[in-house]
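Undergrad: One file: upload_7.txt (compact mmCIF, C-alpha atoms).
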# COMPACT_ATOMS: atom_id res chain seq x y z
CA MET A 13 -71.45 -103.04 -131.07
CA HIS A 14 -68.89 -103.24 -128.28
CA LYS A 15 -69.99 -103.08 -124.66
CA ARG A 16 -68.59 -103.73 -121.21
CA ARG A 17 -69.84 -103.59 -117.63
CA LEU A 18 -68.95 -100.56 -115.55
CA ASN A 19 -65.78 -101.21 -113.60
CA GLU A 20 -65.89 -100.97 -109.80
CA LEU A 21 -64.85 -97.28 -109.73
CA GLU A 22 -67.39 -96.30 -112.39
CA TYR A 23 -70.14 -98.33 -110.74
CA LEU A 24 -69.62 -96.62 -107.39
CA ASN A 25 -69.90 -93.19 -109.03
CA TRP A 26 -72.96 -94.15 -111.06
CA THR A 27 -74.89 -95.09 -107.91
CA LEU A 28 -74.78 -91.42 -106.82
CA GLY A 29 -77.26 -90.67 -109.58
CA GLN A 30 -77.61 -87.79 -112.00
CA PRO A 31 -76.66 -85.05 -112.30
CA TYR A 32 -73.11 -85.77 -111.15
CA ASN A 33 -70.99 -83.74 -113.52
CA ILE A 34 -67.54 -82.29 -113.88
CA SER A 35 -67.43 -78.93 -115.64
CA MET A 36 -64.40 -76.72 -116.27
CA SER A 37 -63.54 -73.76 -118.45
CA ILE A 38 -60.37 -72.27 -119.90
CA THR A 39 -60.14 -68.69 -121.08
CA VAL A 40 -58.02 -68.34 -124.22
CA ARG A 41 -56.76 -65.24 -126.00
CA GLY A 42 -56.61 -65.74 -129.74
CA LYS A 43 -58.75 -66.08 -132.87
CA LEU A 44 -60.81 -69.27 -132.88
CA HIS A 45 -62.27 -70.74 -136.05
CA GLU A 46 -65.11 -73.22 -135.65
CA GLY A 47 -63.45 -75.75 -137.98
CA MET A 48 -60.26 -75.63 -135.94
CA LEU A 49 -62.09 -76.60 -132.75
CA ARG A 50 -64.28 -79.18 -134.52
CA ASN A 51 -61.15 -80.94 -135.77
CA ALA A 52 -59.65 -80.94 -132.26
CA LEU A 53 -62.84 -82.33 -130.69
CA ASP A 54 -63.06 -85.09 -133.32
CA LYS A 55 -59.46 -86.06 -132.57
CA ILE A 56 -59.86 -86.18 -128.78
CA GLN A 57 -62.95 -88.32 -129.33
CA GLN A 58 -60.85 -90.72 -131.41
CA LYS A 59 -58.08 -90.72 -128.78
CA HIS A 60 -60.24 -91.29 -125.68
CA PRO A 61 -62.72 -94.20 -126.07
CA LEU A 62 -65.00 -93.11 -123.22
CA LEU A 63 -65.86 -89.99 -125.25
CA GLN A 64 -67.42 -92.35 -127.82
CA ALA A 65 -69.47 -94.24 -125.22
CA GLN A 66 -73.02 -94.11 -123.95
CA LEU A 67 -74.44 -95.65 -120.77
CA LEU A 68 -77.16 -98.27 -120.80
CA VAL A 69 -78.95 -99.92 -117.88
CA ASP A 70 -80.30 -103.25 -119.15
CA THR A 71 -83.52 -105.02 -118.18
CA ASN A 72 -81.73 -106.69 -115.26
CA LYS A 73 -80.72 -103.24 -113.92
CA HIS A 74 -77.06 -103.80 -114.81
CA PRO A 75 -75.26 -100.69 -116.15
CA TYR A 76 -73.04 -101.02 -119.22
CA LEU A 77 -70.93 -98.73 -121.36
CA ILE A 78 -71.75 -99.23 -125.02
CA TRP A 79 -70.01 -98.15 -128.21
CA GLY A 80 -71.26 -97.99 -131.78
CA LYS A 81 -74.16 -95.53 -131.95
CA VAL A 82 -72.74 -92.36 -130.42
CA GLY A 83 -72.24 -89.31 -132.60
CA LYS A 84 -69.78 -86.43 -132.43
CA ILE A 85 -69.19 -84.35 -129.32
CA PRO A 86 -71.91 -81.66 -129.31
CA MET A 87 -70.50 -78.16 -129.65
CA GLU A 88 -72.52 -75.01 -128.94
CA ILE A 89 -71.19 -71.53 -129.79
CA ILE A 90 -72.45 -68.63 -127.68
CA PRO A 91 -71.53 -64.93 -128.11
CA ARG A 92 -69.06 -63.87 -125.41
CA THR A 93 -70.46 -60.82 -123.62
CA GLY A 94 -68.38 -60.59 -120.42
CA GLU A 95 -65.25 -61.70 -118.63
CA GLU A 96 -67.04 -63.87 -116.03
CA GLN A 97 -69.90 -65.09 -118.20
CA TYR A 98 -68.58 -68.67 -117.96
CA GLU A 99 -69.31 -68.83 -114.21
CA LYS A 100 -73.11 -68.81 -114.65
CA ILE A 101 -72.93 -71.29 -117.50
CA ILE A 102 -70.78 -73.72 -115.50
CA GLU A 103 -73.12 -73.46 -112.51
CA ASN A 104 -75.95 -74.55 -114.81
CA GLU A 105 -73.83 -77.25 -116.47
CA PHE A 106 -73.17 -78.82 -113.07
CA ILE A 107 -76.86 -79.60 -112.56
CA THR A 108 -77.92 -80.39 -116.15
CA PRO A 109 -78.12 -84.20 -116.48
CA PHE A 110 -76.88 -86.15 -119.47
CA GLU A 111 -79.31 -88.24 -121.48
CA THR A 112 -78.44 -91.91 -121.29
CA GLY A 113 -79.70 -95.13 -122.81
CA ASN A 114 -79.67 -97.17 -125.99
CA ASN A 115 -81.70 -94.60 -127.91
CA CYS A 116 -79.44 -91.65 -127.06
CA SER A 117 -77.07 -90.67 -129.87
CA LEU A 118 -74.97 -88.23 -127.83
CA PRO A 119 -71.81 -88.99 -125.82
CA LEU A 120 -71.43 -88.23 -122.10
CA ILE A 121 -69.57 -85.00 -122.88
CA ARG A 122 -70.68 -81.62 -124.18
CA VAL A 123 -68.78 -78.47 -125.13
CA LYS A 124 -69.79 -74.81 -125.08
CA ILE A 125 -67.70 -71.96 -126.49
CA LEU A 126 -68.17 -68.34 -125.47
CA LEU A 127 -66.77 -66.61 -128.53
CA SER A 128 -65.56 -63.10 -129.32
CA ASP A 129 -63.13 -61.78 -131.93
CA ALA A 130 -60.08 -61.77 -129.66
CA LYS A 131 -60.89 -64.21 -126.86
CA PHE A 132 -62.95 -67.32 -126.09
CA ASP A 133 -63.94 -69.51 -123.14
CA LEU A 134 -63.94 -73.24 -123.77
CA ILE A 135 -66.31 -75.06 -121.38
CA ILE A 136 -66.23 -78.85 -121.14
CA THR A 137 -68.77 -80.84 -119.12
CA MET A 138 -68.66 -84.62 -118.59
CA GLN A 139 -70.60 -87.15 -116.58
CA HIS A 140 -68.43 -88.10 -113.57
CA VAL A 141 -68.76 -91.81 -114.34
CA ILE A 142 -66.42 -91.41 -117.34
CA ALA A 143 -64.10 -88.71 -116.00
CA ASP A 144 -62.20 -87.44 -112.97
CA GLY A 145 -60.54 -84.08 -112.35
CA MET A 146 -57.28 -85.07 -114.05
CA SER A 147 -59.25 -86.13 -117.15
CA MET A 148 -60.28 -82.50 -117.58
CA VAL A 149 -56.67 -81.36 -117.40
CA PHE A 150 -55.61 -83.91 -120.03
CA LEU A 151 -58.52 -82.98 -122.30
CA PHE A 152 -57.70 -79.27 -122.28
CA LYS A 153 -54.08 -80.12 -122.98
CA ASP A 154 -55.05 -82.36 -125.93
CA ILE A 155 -57.53 -79.86 -127.40
CA ILE A 156 -55.03 -77.00 -127.39
CA ASP A 157 -52.39 -79.36 -128.81
CA PHE A 158 -54.64 -80.44 -131.70
CA MET A 159 -55.70 -76.83 -132.38
CA THR A 160 -52.08 -75.64 -132.61
CA LYS A 161 -51.01 -78.78 -134.54
CA PRO A 162 -54.10 -79.75 -136.61
CA GLU A 163 -52.12 -82.28 -138.66
CA LYS A 164 -51.01 -84.28 -135.59
CA LYS A 165 -51.89 -87.99 -135.71
CA VAL A 166 -54.13 -89.64 -133.11
CA LYS A 167 -53.16 -92.73 -131.12
CA PRO A 168 -56.34 -94.24 -129.54
CA GLN A 169 -56.04 -95.43 -125.94
CA GLU A 170 -58.13 -98.56 -126.38
CA VAL A 171 -57.17 -100.28 -123.11
CA VAL A 172 -59.73 -98.15 -121.22
CA LYS A 173 -62.45 -99.44 -123.54
CA ILE A 174 -61.56 -103.10 -123.24
CA ILE A 175 -60.62 -103.83 -119.61
CA GLU A 176 -63.26 -103.64 -116.86
CA ASP A 177 -61.38 -105.11 -113.87
CA VAL A 178 -59.28 -102.10 -112.91
CA LEU A 179 -58.53 -102.73 -109.25
CA PRO A 180 -55.13 -104.20 -108.30
CA HIS A 181 -55.01 -107.94 -108.95
CA TYR A 182 -54.59 -108.81 -105.28
CA TYR A 183 -57.89 -107.01 -104.56
CA GLN A 184 -59.89 -108.66 -107.32
CA LYS A 185 -60.28 -111.88 -105.32
CA THR A 186 -61.60 -109.97 -102.28
CA ILE A 187 -64.46 -108.34 -104.18
CA PRO A 188 -67.80 -109.81 -103.01
CA LYS A 189 -69.72 -111.90 -105.54
CA THR A 190 -73.02 -111.43 -103.63
CA PRO A 191 -74.52 -108.46 -101.71
CA ARG A 192 -74.43 -110.36 -98.41
CA LYS A 193 -71.58 -108.35 -96.84
CA PHE A 194 -73.16 -105.11 -97.96
CA ASN A 195 -76.57 -105.95 -96.54
CA ARG A 196 -75.06 -106.96 -93.21
CA ALA A 197 -72.97 -103.77 -93.01
CA ILE A 198 -75.94 -101.54 -93.85
CA TRP A 199 -78.05 -103.29 -91.18
CA PHE A 200 -75.46 -102.25 -88.57
CA MET A 201 -75.05 -98.76 -90.05
CA LYS A 202 -78.77 -98.04 -89.81
CA ARG A 203 -78.76 -98.82 -86.11
CA ILE A 204 -75.65 -96.73 -85.46
CA VAL A 205 -77.21 -93.80 -87.35
CA LYS A 206 -80.41 -94.09 -85.26
CA ILE A 207 -78.32 -93.75 -82.09
CA TYR A 208 -76.42 -90.82 -83.57
CA ARG A 209 -79.66 -89.03 -84.55
CA PHE A 210 -81.10 -89.61 -81.05
CA LYS A 211 -78.00 -88.06 -79.45
CA GLU A 212 -78.23 -85.10 -81.79
CA ARG A 213 -81.84 -84.43 -80.75
CA LEU A 214 -80.83 -84.48 -77.08
CA ARG A 215 -78.15 -81.85 -77.57
CA LYS A 216 -79.15 -78.36 -76.56
CA ASN A 217 -79.22 -75.76 -79.33
CA SER A 218 -78.39 -78.40 -81.94
CA LEU A 219 -78.82 -77.21 -85.50
CA THR A 220 -81.57 -78.65 -87.66
CA GLN A 221 -80.09 -81.45 -89.72
CA LYS A 222 -79.91 -80.71 -93.43
CA SER A 223 -81.13 -83.44 -95.77
CA LEU A 224 -78.23 -85.23 -97.44
CA ILE A 225 -80.22 -86.18 -100.54
CA LEU A 226 -81.76 -83.28 -102.47
CA GLU A 227 -84.96 -84.59 -103.99
CA ASP A 228 -85.87 -81.17 -105.41
CA PHE A 229 -82.42 -80.06 -106.59
CA LYS A 230 -83.94 -78.80 -109.86
CA HIS A 231 -85.47 -75.95 -107.86
CA LYS A 232 -82.14 -75.00 -106.28
CA GLU A 233 -79.15 -73.10 -107.61
CA PHE A 234 -75.73 -74.68 -107.76
CA LYS A 235 -73.31 -71.86 -106.94
CA THR A 236 -69.57 -71.31 -107.02
CA LEU A 237 -67.28 -69.07 -105.01
CA ALA A 238 -63.71 -68.68 -106.21
CA TRP A 239 -60.63 -66.94 -104.86
CA ILE A 240 -56.91 -66.97 -105.60
CA LEU A 241 -53.90 -66.65 -103.31
CA THR A 242 -51.25 -64.17 -104.35
CA GLU A 243 -47.96 -65.54 -105.65
CA ASP A 244 -46.29 -64.51 -102.38
CA GLN A 245 -48.96 -66.28 -100.29
CA SER A 246 -48.73 -69.40 -102.44
CA TYR A 247 -44.93 -69.46 -102.28
CA SER A 248 -44.94 -68.88 -98.52
CA LEU A 249 -47.46 -71.67 -97.94
CA ILE A 250 -45.43 -74.15 -100.01
CA ARG A 251 -42.20 -73.11 -98.24
CA LYS A 252 -43.80 -73.41 -94.80
CA CYS A 253 -45.14 -76.86 -95.68
CA LYS A 254 -41.63 -78.04 -96.54
CA GLU A 255 -40.18 -76.53 -93.37
CA ASN A 256 -42.81 -78.25 -91.24
CA ASN A 257 -42.75 -81.59 -93.09
CA VAL A 258 -46.39 -81.22 -94.13
CA THR A 259 -47.98 -82.02 -97.50
CA ILE A 260 -49.87 -79.27 -99.34
CA GLN A 261 -53.11 -81.29 -99.13
CA SER A 262 -52.70 -81.69 -95.35
CA ALA A 263 -52.19 -77.95 -94.89
CA LEU A 264 -55.16 -77.05 -97.12
CA CYS A 265 -57.48 -79.43 -95.24
CA THR A 266 -56.22 -78.14 -91.89
CA LEU A 267 -57.31 -74.64 -92.91
CA PHE A 268 -60.94 -75.88 -92.82
CA LEU A 269 -60.77 -78.34 -89.90
CA SER A 270 -62.43 -76.01 -87.39
CA ASP A 271 -65.61 -76.01 -89.49
CA PHE A 272 -65.21 -79.49 -91.02
CA PRO A 273 -63.53 -82.08 -88.76
CA ILE A 274 -64.48 -84.78 -91.30
CA ILE A 275 -63.10 -84.26 -94.81
CA ASN A 276 -63.23 -86.46 -97.90
CA ASN A 277 -59.89 -86.44 -99.74
CA PRO A 278 -60.27 -87.66 -103.35
CA VAL A 279 -57.16 -89.61 -104.38
CA ASN A 280 -55.67 -90.09 -107.85
CA LEU A 281 -55.49 -93.87 -108.35
CA ARG A 282 -54.00 -93.90 -111.86
CA LYS A 283 -50.70 -95.47 -110.79
CA ARG A 284 -52.31 -97.98 -108.40
CA LEU A 285 -54.55 -99.87 -110.80
CA ALA A 286 -54.22 -103.22 -112.54
CA TYR A 287 -53.11 -101.62 -115.80
CA ASN A 288 -51.51 -98.39 -116.95
CA VAL A 289 -54.16 -95.81 -117.85
CA GLY A 290 -51.65 -92.97 -118.25
CA GLN A 291 -53.31 -89.74 -119.35
CA SER A 292 -56.54 -91.39 -120.47
CA VAL A 293 -59.94 -89.87 -119.84
CA GLY A 294 -61.74 -91.95 -117.22
CA CYS A 295 -62.85 -92.14 -113.60
CA PHE A 296 -59.66 -93.23 -111.83
CA ALA A 297 -60.10 -91.60 -108.43
CA GLY A 298 -61.07 -92.84 -105.00
CA GLY A 299 -62.14 -91.22 -101.75
CA LEU A 300 -60.46 -91.20 -98.36
CA VAL A 301 -62.36 -89.83 -95.35
CA ILE A 302 -60.15 -88.34 -92.62
CA LYS A 303 -61.61 -87.49 -89.20
CA LYS A 304 -59.54 -85.01 -87.22
CA LYS A 305 -60.64 -82.20 -84.91
CA TYR A 306 -58.67 -78.96 -84.86
CA ASN A 307 -56.90 -78.56 -81.51
CA LYS A 308 -57.07 -74.87 -80.62
CA ARG A 309 -54.44 -75.30 -77.91
CA GLN A 310 -51.87 -76.20 -80.56
CA ASP A 311 -50.58 -74.08 -83.40
CA PHE A 312 -51.61 -74.57 -87.03
CA TRP A 313 -48.52 -76.50 -88.07
CA LYS A 314 -48.77 -79.02 -85.27
CA ASN A 315 -52.39 -79.65 -86.29
CA ALA A 316 -51.27 -79.99 -89.90
CA ARG A 317 -48.53 -82.50 -89.01
CA LYS A 318 -51.07 -84.65 -87.17
CA TYR A 319 -53.39 -84.45 -90.17
CA ARG A 320 -50.53 -85.50 -92.46
CA LYS A 321 -49.94 -88.61 -90.34
CA ARG A 322 -53.61 -89.59 -90.61
CA LEU A 323 -53.61 -88.88 -94.34
CA THR A 324 -50.39 -90.81 -95.00
CA LYS A 325 -51.71 -93.84 -93.15
CA GLY A 326 -55.00 -93.64 -95.03
CA LEU A 327 -53.26 -93.56 -98.41
CA ARG A 328 -52.19 -97.19 -98.10
CA ASP A 329 -53.84 -99.41 -100.69
CA LYS A 330 -55.62 -101.50 -98.06
CA ASN A 331 -57.43 -98.36 -96.86
CA LEU A 332 -58.14 -96.86 -100.27
CA PHE A 333 -59.64 -100.05 -101.70
CA LYS A 334 -61.30 -101.50 -98.60
CA ILE A 335 -64.70 -100.06 -99.57
CA PHE A 336 -64.78 -102.54 -102.47
CA LYS A 337 -64.83 -105.42 -99.99
CA MET A 338 -68.36 -104.27 -99.17
CA ILE A 339 -69.61 -102.31 -102.19
CA SER A 340 -69.21 -103.98 -105.56
CA ARG A 341 -71.10 -104.61 -108.77
CA ALA A 342 -72.75 -107.53 -106.97
CA VAL A 343 -74.85 -105.04 -104.99
CA PRO A 344 -77.94 -103.93 -106.95
CA LEU A 345 -78.07 -100.27 -107.95
CA LYS A 346 -81.36 -99.78 -106.12
CA SER A 347 -79.88 -101.08 -102.84
CA LEU A 348 -76.87 -98.79 -103.11
CA GLN A 349 -78.99 -95.75 -103.94
CA GLU A 350 -81.44 -96.39 -101.13
CA SER A 351 -78.71 -96.83 -98.52
CA GLY A 352 -76.30 -94.21 -99.88
CA SER A 353 -77.56 -91.47 -97.58
CA ILE A 354 -77.18 -93.77 -94.54
CA TYR A 355 -73.54 -94.46 -95.39
CA LEU A 356 -72.86 -90.79 -96.13
CA GLU A 357 -74.54 -89.66 -92.93
CA LEU A 358 -72.45 -92.08 -90.90
CA VAL A 359 -69.04 -91.21 -92.36
CA SER A 360 -69.64 -87.45 -92.57
CA LYS A 361 -71.83 -86.87 -89.50
CA SER A 362 -74.36 -85.21 -91.85
CA GLN A 363 -71.84 -82.60 -93.01
CA PRO A 364 -70.22 -83.96 -96.21
CA PHE A 365 -67.26 -81.85 -97.33
CA GLY A 366 -64.60 -82.76 -99.89
CA VAL A 367 -61.28 -81.14 -100.80
CA THR A 368 -60.03 -82.06 -104.29
CA ASN A 369 -56.50 -80.85 -104.97
CA LEU A 370 -55.35 -81.32 -108.58
CA GLY A 371 -51.92 -79.97 -107.66
CA SER A 372 -49.78 -77.85 -109.95
CA LEU A 373 -51.15 -77.72 -113.48
CA ASP A 374 -48.06 -75.88 -114.71
CA LYS A 375 -46.29 -79.22 -115.26
CA PHE A 376 -48.92 -80.08 -117.89
CA ASN A 377 -48.30 -76.80 -119.74
CA ILE A 378 -52.00 -75.92 -119.61
CA LEU A 379 -51.46 -72.16 -119.65
CA LEU A 380 -49.41 -72.24 -122.83
CA ARG A 381 -48.39 -69.22 -124.83
CA SER A 382 -47.93 -69.58 -128.59
CA ASN A 383 -48.25 -67.47 -131.69
CA LYS A 384 -51.86 -68.67 -131.98
CA PHE A 385 -53.19 -68.93 -128.44
CA THR A 386 -52.54 -67.80 -124.89
CA VAL A 387 -54.45 -69.67 -122.20
CA GLU A 388 -55.11 -67.16 -119.43
CA HIS A 389 -57.28 -68.86 -116.85
CA ILE A 390 -58.95 -72.10 -115.75
CA TYR A 391 -62.15 -72.39 -113.75
CA GLY A 392 -64.46 -75.10 -112.41
CA GLY A 393 -64.56 -78.44 -110.61
CA VAL A 394 -66.98 -81.23 -109.79
CA SER A 395 -70.60 -80.98 -108.68
CA SER A 396 -72.03 -82.84 -105.70
CA GLY A 397 -74.75 -84.42 -107.80
CA VAL A 398 -77.98 -84.85 -105.86
CA LEU A 399 -76.02 -84.82 -102.59
CA ASN A 400 -76.06 -81.82 -100.31
CA ALA A 401 -72.27 -81.81 -100.12
CA LEU A 402 -69.81 -78.95 -100.14
CA ILE A 403 -67.00 -79.39 -102.66
CA LEU A 404 -63.74 -77.45 -102.72
CA ALA A 405 -61.61 -77.82 -105.86
CA ILE A 406 -58.03 -76.55 -105.65
CA PHE A 407 -55.27 -76.26 -108.25
CA THR A 408 -52.10 -74.24 -108.79
CA ILE A 409 -51.49 -72.22 -111.94
CA GLU A 410 -48.48 -69.99 -112.56
CA ASN A 411 -47.42 -70.44 -108.93
CA ARG A 412 -50.77 -69.22 -107.57
CA ILE A 413 -53.17 -71.48 -105.68
CA HIS A 414 -56.80 -71.29 -106.88
CA PHE A 415 -59.81 -72.27 -104.72
CA HIS A 416 -63.28 -73.06 -106.13
CA PHE A 417 -66.07 -73.71 -103.61
CA HIS A 418 -69.25 -75.42 -104.94
CA TYR A 419 -72.55 -75.58 -103.04
CA TYR A 420 -76.33 -75.69 -103.39
CA LYS A 421 -78.37 -72.59 -102.57
CA PRO A 422 -80.53 -73.38 -100.60
CA PRO A 423 -79.87 -75.01 -98.15
CA HIS A 424 -76.50 -73.22 -98.01
CA THR A 425 -76.12 -69.45 -98.26
CA ARG A 426 -73.43 -67.22 -99.66
CA GLU A 427 -72.87 -65.77 -96.19
CA GLU A 428 -72.34 -69.25 -94.72
CA ILE A 429 -69.75 -70.17 -97.37
CA GLU A 430 -67.97 -66.82 -97.01
CA LYS A 431 -67.71 -67.45 -93.27
CA TYR A 432 -65.97 -70.79 -93.91
CA VAL A 433 -63.60 -69.07 -96.32
CA SER A 434 -62.93 -66.22 -93.89
CA ASN A 435 -62.13 -68.66 -91.07
CA ALA A 436 -59.72 -70.54 -93.32
CA MET A 437 -57.98 -67.39 -94.55
CA LYS A 438 -57.49 -66.13 -91.00
CA LYS A 439 -55.77 -69.40 -90.18
CA LEU A 440 -53.65 -69.08 -93.31
CA ASP A 441 -52.51 -65.55 -92.45
CA LYS A 442 -51.57 -66.64 -88.94
CA ALA A 443 -49.82 -69.78 -90.18
CA LEU A 444 -47.69 -67.81 -92.65
CA GLU A 445 -46.66 -65.37 -89.92
CA SER A 446 -45.48 -68.09 -87.52
Mind turning the file's structure into structure tokens?
TA:
Amino acid sequence: MHKRRLNELEYLNWTLGQPYNISMSITVRGKLHEGMLRNALDKIQQKHPLLQAQLLVDTNKHPYLIWGKVGKIPMEIIPRTGEEQYEKIIENEFITPFETGNNCSLPLIRVKILLSDAKFDLIITMQHVIADGMSMVFLFKDIIDFMTKPEKKVKPQEVVKIIEDVLPHYYQKTIPKTPRKFNRAIWFMKRIVKIYRFKERLRKNSLTQKSLILEDFKHKEFKTLAWILTEDQSYSLIRKCKENNVTIQSALCTLFLSDFPIINNPVNLRKRLAYNVGQSVGCFAGGLVIKKKYNKRQDFWKNARKYRKRLTKGLRDKNLFKIFKMISRAVPLKSLQESGSIYLELVSKSQPFGVTNLGSLDKFNILLRSNKFTVEHIYGGVSSGVLNALILAIFTIENRIHFHFHYYKPPHTREEIEKYVSNAMKKLDKALES
């Protein structure tokens, strides 16, 4: 049996607990045969080693990925009864944990198919520790490829299975070997948070603070709210960004700055690591928190340019990887989990919000059209696990920008989320007119 420790990126994600899932769906027009999909799933499992892995926490509380006892990717076929049936299923998939441990024979991925004679929805859910948003894109691409070319050979990407030290070599030597730095930092954070909480209580009309860790998430609903810009709106936004020397991510975050002056920007790290992971399935993303208030006395594009400067500076390696100078595998899981809410409260001011932009998926030919299949639509994103965080997943398909908002109900309400969306869309309309 082969096994390896979680790498630093995987370890950080694992500390957030379960469920912490990624779930996405594609809607495909065409006749699907069960054997055709089974063959494709078997081949992607051969190609991507993490789809053959299970997660084990040993007696010393150290988490490992193990290979050797995991069976095939589970596949459940459900009759397709409606066009938006996948939404409810994905909402449930987000908060359904994966079984882990040495006695579990299932991988950290599951597949559901909503099937009718002329159309099907393919829903893939994975534990976030083995996958990021781009992994989903590559999986859908591979599955469709193997379904249209069932005889195609598989080339396993074994490097992901073997190597555990993924951070750039010049950062490996800075990673703490003991939890001393972490313990010292948390000691200071706890005192800063106490001061922050005291100030909040003194403020008049201050809102009641929502708990950042949802102990009873099983009794809550994880909901989604999706909307799509028209092709004209999407084109105009992209054109305006170029004219104003602003990145798309900066503009999208600026749309929400009035409600969320602190935003987590997940960053694709695939080309910044110690080895080439290419289009492998795995967790190869980091987080960058940008703090920037929206200045109402300035127009949208000036705010967006200032955000871009902050974001560009933050994207330097020394900023993206600096968290690993404090949090590493040397810190016990229990310590990280117990202090996680303190860290989150400090960096987010008790209002965690993340904007994940996968960019244009057209370059990956996801929405292909062939004599067998036509992929019509993609839906989904990442859950916030047991954290009371708001997540916004964004991607562009066929020149239209798609937004998918994810939240727990309660404590959040549909009306609250719609207000955030309305505020952002008003800013967008005004920005496109200027």
Undergrad: Using only C-alpha atoms, which of the listed residues (A:Gly113, A:Gly392, A:Gly83, A:Pro423) sits closest to Leu68 in chain A?
TA: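 For Leu68 in chain A, the nearest of the candidates is A:Gly113.
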Undergrad: Taking into account all atoms listed in the file, which residue in the set A:Ile107, A:Met48, A:Ala65, A:Ala297 is nearest to Arg16 in chain A?
TA: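 Looking only at the distances to Arg16 in chain A, the closest residue turns out to be A:Ala65.
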Undergrad: For the atom pair CA of Thr266 in chain A and CA of Lys304 in chain A, what is the interatomic distance in Å to one decimal place?
TA: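 Result for CA of Thr266 in chain A versus CA of Lys304 in chain A: 8.9 Å, one decimal.
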Undergrad: Skipping near chain neighbours, those fewer than 2 positions away, what residues fall within 10 Å of Lys235 in chain A using all atoms listed in the file, listed as a list in words?
TA: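 Once the nearby chain positions are removed, what remains is Glu99, Lys100, Ile102, Glu103, Asn104, Phe106, Lys232, Glu233, Leu237, Ser395, Phe417, His418, Tyr419, Tyr420, Lys421, Pro422, His424, Thr425 and Arg426 of chain A.
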Undergrad: Please list as JSON, numbers by chain every residue within 8 Å of Ile89 in chain A, counting all atoms listed in the file and excluding residues in the same chain fewer than 5 positions away.
TA: {"A": [124, 125, 126, 127]}
Undergrad: Output C-alpha atoms for every residue in that selection, as a short mmCIF file (atom, residue, chain, number, x, y, z; two decimals), in the coordinates of the input.
TA:
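Output below, filename result-v2.cif:
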data_model
loop_
_atom_site.label_atom_id
_atom_site.label_comp_id
_atom_site.auth_asym_id
_atom_site.auth_seq_id
_atom_site.Cartn_x
_atom_site.Cartn_y
_atom_site.Cartn_z
CA LYS A 124 -69.79 -74.81 -125.08
CA ILE A 125 -67.70 -71.96 -126.49
CA LEU A 126 -68.17 -68.34 -125.47
CA LEU A 127 -66.77 -66.61 -128.53
#
Undergrad: Between CA of Phe110 in chain A and CA of Phe336 in chain A, what distance in Å does the model show, to one decimal?
TA: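 These two atoms are separated by 26.5 Å.
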Undergrad: Counting all atoms listed in the file, which of A:Ile187, A:Ser446, A:Leu249, A:Asp271 gets nearest to Ile413 in chain A?
TA: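 Closest candidate: A:Leu249.
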Undergrad: In Å, rounded to a single decimal, give me how far CA of Arg17 in chain A is from CA of Phe194 in chain A.
TA: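 Between CA of Phe194 in chain A and CA of Arg17 in chain A the gap is 20.0 Å.
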Undergrad: Would you list the contacts of Trp239 in chain A as number ranges by chain, taking every protein, DNA or RNA residue within 12 Å and counting all atoms listed in the file, but skipping same-chain residues closer than 3 positions in sequence?
TA: A: 236, 242, 391-392, 404-408, 412-417, 430, 433-434, 437
Undergrad: Could you produce a table of the residues of range 65-96 of chain A lying within 12 Å of range 161-178 of chain A, with the nearest pair of atoms per residue and their separation in Å rounded to one decimal, using only C-alpha atoms, ordered by chain and increasing residue number, as a tab-separated table?
TA:
residue	atom	partner	partner_atom	distance
A:Ala65	CA	A:Lys173	CA	8.9
A:Gln66	CA	A:Lys173	CA	11.8
A:Tyr76	CA	A:Glu176	CA	10.4
A:Leu77	CA	A:Lys173	CA	8.8
A:Ile78	CA	A:Lys173	CA	9.4
A:Trp79	CA	A:Lys173	CA	9.0
Undergrad: May I ask which of the residues A:Leu118, A:Ile275, A:Asn25, A:Tyr183 is the closest one to Lys361 in chain A, counting only C-alpha atoms?
TA: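 That would be A:Ile275, the residue with the smallest distance to Lys361 in chain A.
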Undergrad: Write out as an MDAnalysis selection string each polymer residue whose atoms come within 8 Å of Leu345 in chain A, counting all atoms listed in the file; drop sequence neighbours fewer than 5 positions from it.
TA: chainID A and resid 27 73:74
Undergrad: Residues as selected, C-alpha atoms, written as a PDB file, in the coordinates of the input, can you do that?
TA:
ATOM      1  CA  THR A  27     -74.890 -95.090-107.910  1.00  0.00           C
ATOM      2  CA  LYS A  73     -80.720-103.240-113.920  1.00  0.00           C
ATOM      3  CA  HIS A  74     -77.060-103.800-114.810  1.00  0.00           C
TER       4      HIS A  74
END
Undergrad: A:Pro86, A:Pro344, A:Gly397, A:Pro191: which is nearest Tyr23 in chain A, counting only C-alpha atoms?
TA: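 Of all the options, A:Pro344 lies closest to Tyr23 in chain A.
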Undergrad: Give me the residues within 12 Å of Lys202 in chain A as a PyMOL selection string, counting all atoms listed in the file and dropping any in the same chain fewer than 2 places off.
TA: chain A and resi 195-200+204-209+350-358
Undergrad: So which one's closest to Lys283 in chain A, A:Leu370, A:Arg309, A:Phe210, A:Leu179? Using all atoms listed in the file, please.
TA: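 For Lys283 in chain A, the nearest of the given residues is A:Leu179.
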Undergrad: Is there a way to get, as a ChimeraX atom specification, all residues within 8 Å of the point (-74.5, -99.9, -106.4) in file coordinates, counting only C-alpha atoms?
TA: /A:23-24,26-27,339-349
Undergrad: Give the padded box for range 138-145 of chain A as lines of an AutoDock Vina configuration file: axis-aligned, covering all atoms listed in the file, 4 Å on each side, centre and edge lengths in Å to one decimal.
TA:
center_x = -65.6
center_y = -87.9
center_z = -115.5
size_x = 18.1
size_y = 15.7
size_z = 14.2
